[in-house]
>>> print(open('entry-v4.cif').read())   # mmCIF, N, CA and C atoms
data_target
loop_
_atom_site.label_atom_id
_atom_site.label_comp_id
_atom_site.auth_asym_id
_atom_site.auth_seq_id
_atom_site.Cartn_x
_atom_site.Cartn_y
_atom_site.Cartn_z
N MET R 1 6.66 -9.02 -5.24
CA MET R 1 5.82 -8.04 -5.87
C MET R 1 5.63 -6.88 -4.90
N HIS R 2 5.49 -5.69 -5.43
CA HIS R 2 5.32 -4.50 -4.60
C HIS R 2 3.93 -3.91 -4.79
N LEU R 3 3.51 -3.10 -3.85
CA LEU R 3 2.19 -2.48 -3.90
C LEU R 3 2.02 -1.66 -5.17
N SER R 4 3.08 -1.07 -5.66
CA SER R 4 3.00 -0.26 -6.88
C SER R 4 2.81 -1.11 -8.13
N ASP R 5 3.00 -2.43 -8.04
CA ASP R 5 2.89 -3.33 -9.20
C ASP R 5 1.48 -3.83 -9.47
N ILE R 6 0.59 -3.77 -8.47
CA ILE R 6 -0.75 -4.30 -8.70
C ILE R 6 -1.59 -3.28 -9.46
N GLN R 7 -2.64 -3.78 -10.09
CA GLN R 7 -3.49 -2.95 -10.95
C GLN R 7 -4.73 -2.50 -10.19
N PRO R 8 -5.36 -1.40 -10.62
CA PRO R 8 -6.59 -0.94 -9.98
C PRO R 8 -7.64 -2.05 -9.96
N GLY R 9 -8.27 -2.20 -8.80
CA GLY R 9 -9.28 -3.23 -8.62
C GLY R 9 -8.74 -4.51 -8.00
N GLN R 10 -7.44 -4.71 -8.02
CA GLN R 10 -6.84 -5.92 -7.46
C GLN R 10 -6.66 -5.78 -5.95
N SER R 11 -6.66 -6.93 -5.28
CA SER R 11 -6.39 -6.98 -3.85
C SER R 11 -5.10 -7.73 -3.62
N ALA R 12 -4.46 -7.43 -2.51
CA ALA R 12 -3.20 -8.08 -2.15
C ALA R 12 -3.07 -8.10 -0.64
N ARG R 13 -2.17 -8.93 -0.16
CA ARG R 13 -1.88 -9.02 1.27
C ARG R 13 -0.47 -8.48 1.50
N ILE R 14 -0.31 -7.62 2.49
CA ILE R 14 1.00 -7.05 2.80
C ILE R 14 1.88 -8.13 3.42
N VAL R 15 3.07 -8.27 2.86
CA VAL R 15 4.06 -9.23 3.37
C VAL R 15 5.06 -8.51 4.27
N SER R 16 5.54 -7.35 3.81
CA SER R 16 6.57 -6.62 4.55
C SER R 16 6.48 -5.14 4.19
N LEU R 17 6.86 -4.31 5.14
CA LEU R 17 6.92 -2.87 4.88
C LEU R 17 8.30 -2.46 4.40
N GLY R 18 9.12 -3.43 4.06
CA GLY R 18 10.41 -3.16 3.43
C GLY R 18 11.37 -2.40 4.31
N ALA R 19 12.23 -1.65 3.66
CA ALA R 19 13.29 -0.92 4.35
C ALA R 19 12.87 0.52 4.62
N LEU R 20 11.66 0.71 5.07
CA LEU R 20 11.17 2.06 5.37
C LEU R 20 11.81 2.58 6.66
N ASP R 21 11.94 3.88 6.74
CA ASP R 21 12.41 4.49 7.98
C ASP R 21 11.42 4.18 9.10
N ALA R 22 11.92 4.08 10.32
CA ALA R 22 11.07 3.74 11.47
C ALA R 22 9.88 4.69 11.64
N PRO R 23 10.05 6.02 11.53
CA PRO R 23 8.88 6.90 11.69
C PRO R 23 7.82 6.68 10.61
N VAL R 24 8.25 6.45 9.38
CA VAL R 24 7.30 6.21 8.28
C VAL R 24 6.59 4.87 8.51
N ARG R 25 7.33 3.85 8.90
CA ARG R 25 6.74 2.54 9.16
C ARG R 25 5.70 2.63 10.28
N ARG R 26 6.02 3.34 11.36
CA ARG R 26 5.07 3.49 12.47
C ARG R 26 3.81 4.22 12.02
N LYS R 27 3.97 5.25 11.20
CA LYS R 27 2.81 6.02 10.72
C LYS R 27 1.91 5.14 9.85
N LEU R 28 2.50 4.37 8.95
CA LEU R 28 1.71 3.48 8.10
C LEU R 28 1.01 2.41 8.92
N MET R 29 1.71 1.86 9.92
CA MET R 29 1.10 0.85 10.76
C MET R 29 -0.03 1.43 11.59
N ALA R 30 0.09 2.67 12.04
CA ALA R 30 -0.98 3.33 12.79
C ALA R 30 -2.21 3.55 11.91
N MET R 31 -2.00 3.71 10.60
CA MET R 31 -3.12 3.91 9.66
C MET R 31 -3.73 2.59 9.21
N GLY R 32 -3.15 1.46 9.63
CA GLY R 32 -3.75 0.16 9.30
C GLY R 32 -2.99 -0.66 8.29
N LEU R 33 -1.87 -0.19 7.79
CA LEU R 33 -1.07 -0.98 6.85
C LEU R 33 -0.12 -1.87 7.65
N LEU R 34 -0.62 -3.01 8.05
CA LEU R 34 0.13 -3.96 8.86
C LEU R 34 0.48 -5.19 8.04
N PRO R 35 1.59 -5.86 8.37
CA PRO R 35 1.87 -7.15 7.71
C PRO R 35 0.67 -8.09 7.90
N CYS R 36 0.34 -8.82 6.87
CA CYS R 36 -0.80 -9.76 6.80
C CYS R 36 -2.14 -9.09 6.61
N SER R 37 -2.20 -7.75 6.53
CA SER R 37 -3.48 -7.10 6.26
C SER R 37 -3.73 -7.06 4.76
N GLU R 38 -5.00 -7.04 4.40
CA GLU R 38 -5.41 -7.03 3.00
C GLU R 38 -5.62 -5.60 2.54
N VAL R 39 -5.11 -5.28 1.36
CA VAL R 39 -5.31 -3.95 0.77
C VAL R 39 -5.93 -4.11 -0.61
N ARG R 40 -6.68 -3.12 -1.02
CA ARG R 40 -7.28 -3.10 -2.35
C ARG R 40 -6.83 -1.82 -3.04
N PHE R 41 -6.29 -1.97 -4.22
CA PHE R 41 -5.83 -0.83 -5.01
C PHE R 41 -7.04 -0.26 -5.73
N ILE R 42 -7.40 0.97 -5.41
CA ILE R 42 -8.59 1.58 -5.98
C ILE R 42 -8.28 2.25 -7.31
N ARG R 43 -7.32 3.20 -7.31
CA ARG R 43 -6.99 3.89 -8.56
C ARG R 43 -5.72 4.71 -8.42
N ASN R 44 -5.20 5.11 -9.58
CA ASN R 44 -4.07 6.04 -9.65
C ASN R 44 -4.62 7.45 -9.76
N ALA R 45 -3.86 8.41 -9.33
CA ALA R 45 -4.19 9.81 -9.59
C ALA R 45 -3.98 10.07 -11.08
N PRO R 46 -4.55 11.12 -11.63
CA PRO R 46 -4.42 11.37 -13.07
C PRO R 46 -2.98 11.38 -13.60
N LEU R 47 -2.03 11.85 -12.83
CA LEU R 47 -0.64 11.87 -13.28
C LEU R 47 0.15 10.66 -12.77
N GLY R 48 -0.55 9.68 -12.15
CA GLY R 48 0.10 8.45 -11.72
C GLY R 48 0.59 8.44 -10.29
N ASP R 49 0.53 9.54 -9.59
CA ASP R 49 1.00 9.60 -8.22
C ASP R 49 0.15 10.59 -7.46
N PRO R 50 -0.44 10.28 -6.34
CA PRO R 50 -0.33 9.08 -5.52
C PRO R 50 -1.30 7.98 -5.95
N LEU R 51 -1.21 6.86 -5.23
CA LEU R 51 -2.09 5.71 -5.44
C LEU R 51 -3.14 5.71 -4.34
N GLN R 52 -4.38 5.40 -4.69
CA GLN R 52 -5.43 5.33 -3.69
C GLN R 52 -5.68 3.86 -3.37
N ILE R 53 -5.58 3.52 -2.07
CA ILE R 53 -5.79 2.15 -1.63
C ILE R 53 -6.79 2.15 -0.48
N SER R 54 -7.38 0.98 -0.21
CA SER R 54 -8.25 0.86 0.96
C SER R 54 -7.84 -0.36 1.76
N THR R 55 -7.96 -0.24 3.05
CA THR R 55 -7.66 -1.33 3.97
C THR R 55 -8.43 -1.10 5.26
N GLY R 56 -8.99 -2.15 5.78
CA GLY R 56 -9.67 -2.05 7.07
C GLY R 56 -10.76 -1.00 7.14
N GLY R 57 -11.46 -0.75 6.06
CA GLY R 57 -12.55 0.22 6.06
C GLY R 57 -12.13 1.66 5.88
N ILE R 58 -10.84 1.92 5.64
CA ILE R 58 -10.39 3.29 5.40
C ILE R 58 -9.74 3.37 4.02
N THR R 59 -9.70 4.58 3.47
CA THR R 59 -9.07 4.82 2.18
C THR R 59 -7.88 5.74 2.39
N LEU R 60 -6.74 5.36 1.79
CA LEU R 60 -5.50 6.12 1.95
C LEU R 60 -4.93 6.47 0.59
N SER R 61 -4.16 7.53 0.54
CA SER R 61 -3.36 7.85 -0.63
C SER R 61 -1.91 7.65 -0.26
N VAL R 62 -1.19 6.90 -1.11
CA VAL R 62 0.20 6.55 -0.83
C VAL R 62 1.04 6.97 -2.03
N GLN R 63 2.16 7.62 -1.77
CA GLN R 63 3.06 8.00 -2.86
C GLN R 63 3.62 6.75 -3.53
N ARG R 64 3.82 6.82 -4.84
CA ARG R 64 4.33 5.69 -5.60
C ARG R 64 5.70 5.22 -5.07
N THR R 65 6.57 6.15 -4.70
CA THR R 65 7.90 5.76 -4.19
C THR R 65 7.77 4.97 -2.90
N LEU R 66 6.80 5.31 -2.09
CA LEU R 66 6.55 4.57 -0.86
C LEU R 66 5.94 3.20 -1.18
N ALA R 67 5.01 3.16 -2.14
CA ALA R 67 4.37 1.90 -2.53
C ALA R 67 5.38 0.91 -3.12
N MET R 68 6.46 1.43 -3.71
CA MET R 68 7.49 0.55 -4.27
C MET R 68 8.28 -0.17 -3.18
N GLN R 69 8.18 0.27 -1.95
CA GLN R 69 8.92 -0.34 -0.85
C GLN R 69 8.06 -1.29 -0.02
N ILE R 70 6.77 -1.37 -0.31
CA ILE R 70 5.85 -2.24 0.43
C ILE R 70 5.66 -3.53 -0.36
N GLU R 71 6.11 -4.64 0.21
CA GLU R 71 6.01 -5.94 -0.46
C GLU R 71 4.64 -6.55 -0.19
N VAL R 72 4.01 -7.06 -1.27
CA VAL R 72 2.69 -7.69 -1.16
C VAL R 72 2.67 -9.00 -1.92
N GLU R 73 1.66 -9.82 -1.63
CA GLU R 73 1.39 -11.02 -2.43
C GLU R 73 -0.05 -10.91 -2.90
N SER R 74 -0.30 -11.26 -4.15
CA SER R 74 -1.64 -11.13 -4.69
C SER R 74 -2.54 -12.21 -4.11
N LEU R 75 -3.83 -11.90 -4.04
CA LEU R 75 -4.81 -12.84 -3.49
C LEU R 75 -5.52 -13.59 -4.58
#
>>> encode(input="entry-v4.cif", output="structure tokens")
Amino acid sequence: MHLSDIQPGQSARIVSLGALDAPVRRKLMAMGLLPCSEVRFIRNAPLGDPLQISTGGITLSVQRTLAMQIEVESL
């Protein structure tokens, strides 16, 4: 399952950051999106992109194409 597959209000645990480029992976990890960390999907933007998520006390906006590459497992 990917981060883009969960519904608003659901929580999930990050399994893998997928085949992301190294600079993008480092940036996401610096913002707190680490393997085994818990994320909560807050909402979609009105046109469906970006997605608003929260993890570790911070709120982030992630593009849908990027969220499709982040593997998660539901809690």
>>> resolve_selection(input="entry-v4.cif", expression="the PyMOL selection byres (((chain R and resi 36 and name CA) around 12) and name CA)", output="list in words")
Ala12, Arg13, Ile14, Val15, Ser16, Leu17, Met29, Gly32, Leu33, Leu34, Pro35, Ser37, Glu38, Val39, Thr55, Gly56, Ile70, Glu71, Val72, Glu73, Ser74 and Leu75 of chain R
>>> residues_around(input="entry-v4.cif", residues="Ile53 (chain R)", least_positions_apart="3", cutoff="8 Å", atoms="all atoms listed in the file", output="JSON, numbers by chain")
{"R": [39, 40, 41, 42, 43, 44, 50, 56, 58, 59, 60, 61, 62]}
>>> select_by_dssp(input="entry-v4.cif", residues="chain R", states="alpha helix (DSSP H)", output="MDAnalysis selection string")
chainID R and resid 22:30 64:67
>>> axis_aligned_box(input="entry-v4.cif", around="region 6-25 of chain R", padding_each_side="8 Å", output="lines of an AutoDock Vina configuration file")
center_x = 2.0
center_y = -1.2
center_z = 0.4
size_x = 38.6
size_y = 32.1
size_z = 38.6
>>> select_by_dssp(input="entry-v4.cif", residues="region 16-74 of chain R", states="strand (DSSP E)", output="list of chain:residue names")
R:Ser16, R:Glu38, R:Val39, R:Arg40, R:Phe41, R:Ile42, R:Arg43, R:Asn44, R:Leu51, R:Gln52, R:Ile53, R:Ser54, R:Thr55, R:Ile58, R:Thr59, R:Leu60, R:Ser61, R:Val62, R:Glu71, R:Val72, R:Glu73, R:Ser74
>>> write_last_selection(input="entry-v4.cif", atoms="N, CA and C atoms", output="PDB file, keeping the file's coordinate frame")
ATOM      1  N   SER R  16       5.540  -7.350   3.810  1.00  0.00           N
ATOM      2  CA  SER R  16       6.570  -6.620   4.550  1.00  0.00           C
ATOM      3  C   SER R  16       6.480  -5.140   4.190  1.00  0.00           C
ATOM      4  N   GLU R  38      -5.000  -7.040   4.400  1.00  0.00           N
ATOM      5  CA  GLU R  38      -5.410  -7.030   3.000  1.00  0.00           C
ATOM      6  C   GLU R  38      -5.620  -5.600   2.540  1.00  0.00           C
ATOM      7  N   VAL R  39      -5.110  -5.280   1.360  1.00  0.00           N
ATOM      8  CA  VAL R  39      -5.310  -3.950   0.770  1.00  0.00           C
ATOM      9  C   VAL R  39      -5.930  -4.110  -0.610  1.00  0.00           C
ATOM     10  N   ARG R  40      -6.680  -3.120  -1.020  1.00  0.00           N
ATOM     11  CA  ARG R  40      -7.280  -3.100  -2.350  1.00  0.00           C
ATOM     12  C   ARG R  40      -6.830  -1.820  -3.040  1.00  0.00           C
ATOM     13  N   PHE R  41      -6.290  -1.970  -4.220  1.00  0.00           N
ATOM     14  CA  PHE R  41      -5.830  -0.830  -5.010  1.00  0.00           C
ATOM     15  C   PHE R  41      -7.040  -0.260  -5.730  1.00  0.00           C
ATOM     16  N   ILE R  42      -7.400   0.970  -5.410  1.00  0.00           N
ATOM     17  CA  ILE R  42      -8.590   1.580  -5.980  1.00  0.00           C
ATOM     18  C   ILE R  42      -8.280   2.250  -7.310  1.00  0.00           C
ATOM     19  N   ARG R  43      -7.320   3.200  -7.310  1.00  0.00           N
ATOM     20  CA  ARG R  43      -6.990   3.890  -8.560  1.00  0.00           C
ATOM     21  C   ARG R  43      -5.720   4.710  -8.420  1.00  0.00           C
ATOM     22  N   ASN R  44      -5.200   5.110  -9.580  1.00  0.00           N
ATOM     23  CA  ASN R  44      -4.070   6.040  -9.650  1.00  0.00           C
ATOM     24  C   ASN R  44      -4.620   7.450  -9.760  1.00  0.00           C
ATOM     25  N   LEU R  51      -1.210   6.860  -5.230  1.00  0.00           N
ATOM     26  CA  LEU R  51      -2.090   5.710  -5.440  1.00  0.00           C
ATOM     27  C   LEU R  51      -3.140   5.710  -4.340  1.00  0.00           C
ATOM     28  N   GLN R  52      -4.380   5.400  -4.690  1.00  0.00           N
ATOM     29  CA  GLN R  52      -5.430   5.330  -3.690  1.00  0.00           C
ATOM     30  C   GLN R  52      -5.680   3.860  -3.370  1.00  0.00           C
ATOM     31  N   ILE R  53      -5.580   3.520  -2.070  1.00  0.00           N
ATOM     32  CA  ILE R  53      -5.790   2.150  -1.630  1.00  0.00           C
ATOM     33  C   ILE R  53      -6.790   2.150  -0.480  1.00  0.00           C
ATOM     34  N   SER R  54      -7.380   0.980  -0.210  1.00  0.00           N
ATOM     35  CA  SER R  54      -8.250   0.860   0.960  1.00  0.00           C
ATOM     36  C   SER R  54      -7.840  -0.360   1.760  1.00  0.00           C
ATOM     37  N   THR R  55      -7.960  -0.240   3.050  1.00  0.00           N
ATOM     38  CA  THR R  55      -7.660  -1.330   3.970  1.00  0.00           C
ATOM     39  C   THR R  55      -8.430  -1.100   5.260  1.00  0.00           C
ATOM     40  N   ILE R  58     -10.840   1.920   5.640  1.00  0.00           N
ATOM     41  CA  ILE R  58     -10.390   3.290   5.400  1.00  0.00           C
ATOM     42  C   ILE R  58      -9.740   3.370   4.020  1.00  0.00           C
ATOM     43  N   THR R  59      -9.700   4.580   3.470  1.00  0.00           N
ATOM     44  CA  THR R  59      -9.070   4.820   2.180  1.00  0.00           C
ATOM     45  C   THR R  59      -7.880   5.740   2.390  1.00  0.00           C
ATOM     46  N   LEU R  60      -6.740   5.360   1.790  1.00  0.00           N
ATOM     47  CA  LEU R  60      -5.500   6.120   1.950  1.00  0.00           C
ATOM     48  C   LEU R  60      -4.930   6.470   0.590  1.00  0.00           C
ATOM     49  N   SER R  61      -4.160   7.530   0.540  1.00  0.00           N
ATOM     50  CA  SER R  61      -3.360   7.850  -0.630  1.00  0.00           C
ATOM     51  C   SER R  61      -1.910   7.650  -0.260  1.00  0.00           C
ATOM     52  N   VAL R  62      -1.190   6.900  -1.110  1.00  0.00           N
ATOM     53  CA  VAL R  62       0.200   6.550  -0.830  1.00  0.00           C
ATOM     54  C   VAL R  62       1.040   6.970  -2.030  1.00  0.00           C
ATOM     55  N   GLU R  71       6.110  -4.640   0.210  1.00  0.00           N
ATOM     56  CA  GLU R  71       6.010  -5.940  -0.460  1.00  0.00           C
ATOM     57  C   GLU R  71       4.640  -6.550  -0.190  1.00  0.00           C
ATOM     58  N   VAL R  72       4.010  -7.060  -1.270  1.00  0.00           N
ATOM     59  CA  VAL R  72       2.690  -7.690  -1.160  1.00  0.00           C
ATOM     60  C   VAL R  72       2.670  -9.000  -1.920  1.00  0.00           C
ATOM     61  N   GLU R  73       1.660  -9.820  -1.630  1.00  0.00           N
ATOM     62  CA  GLU R  73       1.390 -11.020  -2.430  1.00  0.00           C
ATOM     63  C   GLU R  73      -0.050 -10.910  -2.900  1.00  0.00           C
ATOM     64  N   SER R  74      -0.300 -11.260  -4.150  1.00  0.00           N
ATOM     65  CA  SER R  74      -1.640 -11.130  -4.690  1.00  0.00           C
ATOM     66  C   SER R  74      -2.540 -12.210  -4.110  1.00  0.00           C
TER      67      SER R  74
END
>>> atom_distance(input="entry-v4.cif", atom1="CA of Pro46 (chain R)", atom2="atom N of Pro8 (chain R)")
13.0 Å
>>> atom_distance(input="entry-v4.cif", atom1="atom C of Ala67 (chain R)", atom2="atom C of Gly48 (chain R)")
11.4 Å
>>> atom_distance(input="entry-v4.cif", atom1="atom C of Leu47 (chain R)", atom2="CA of Arg64 (chain R)")
9.7 Å
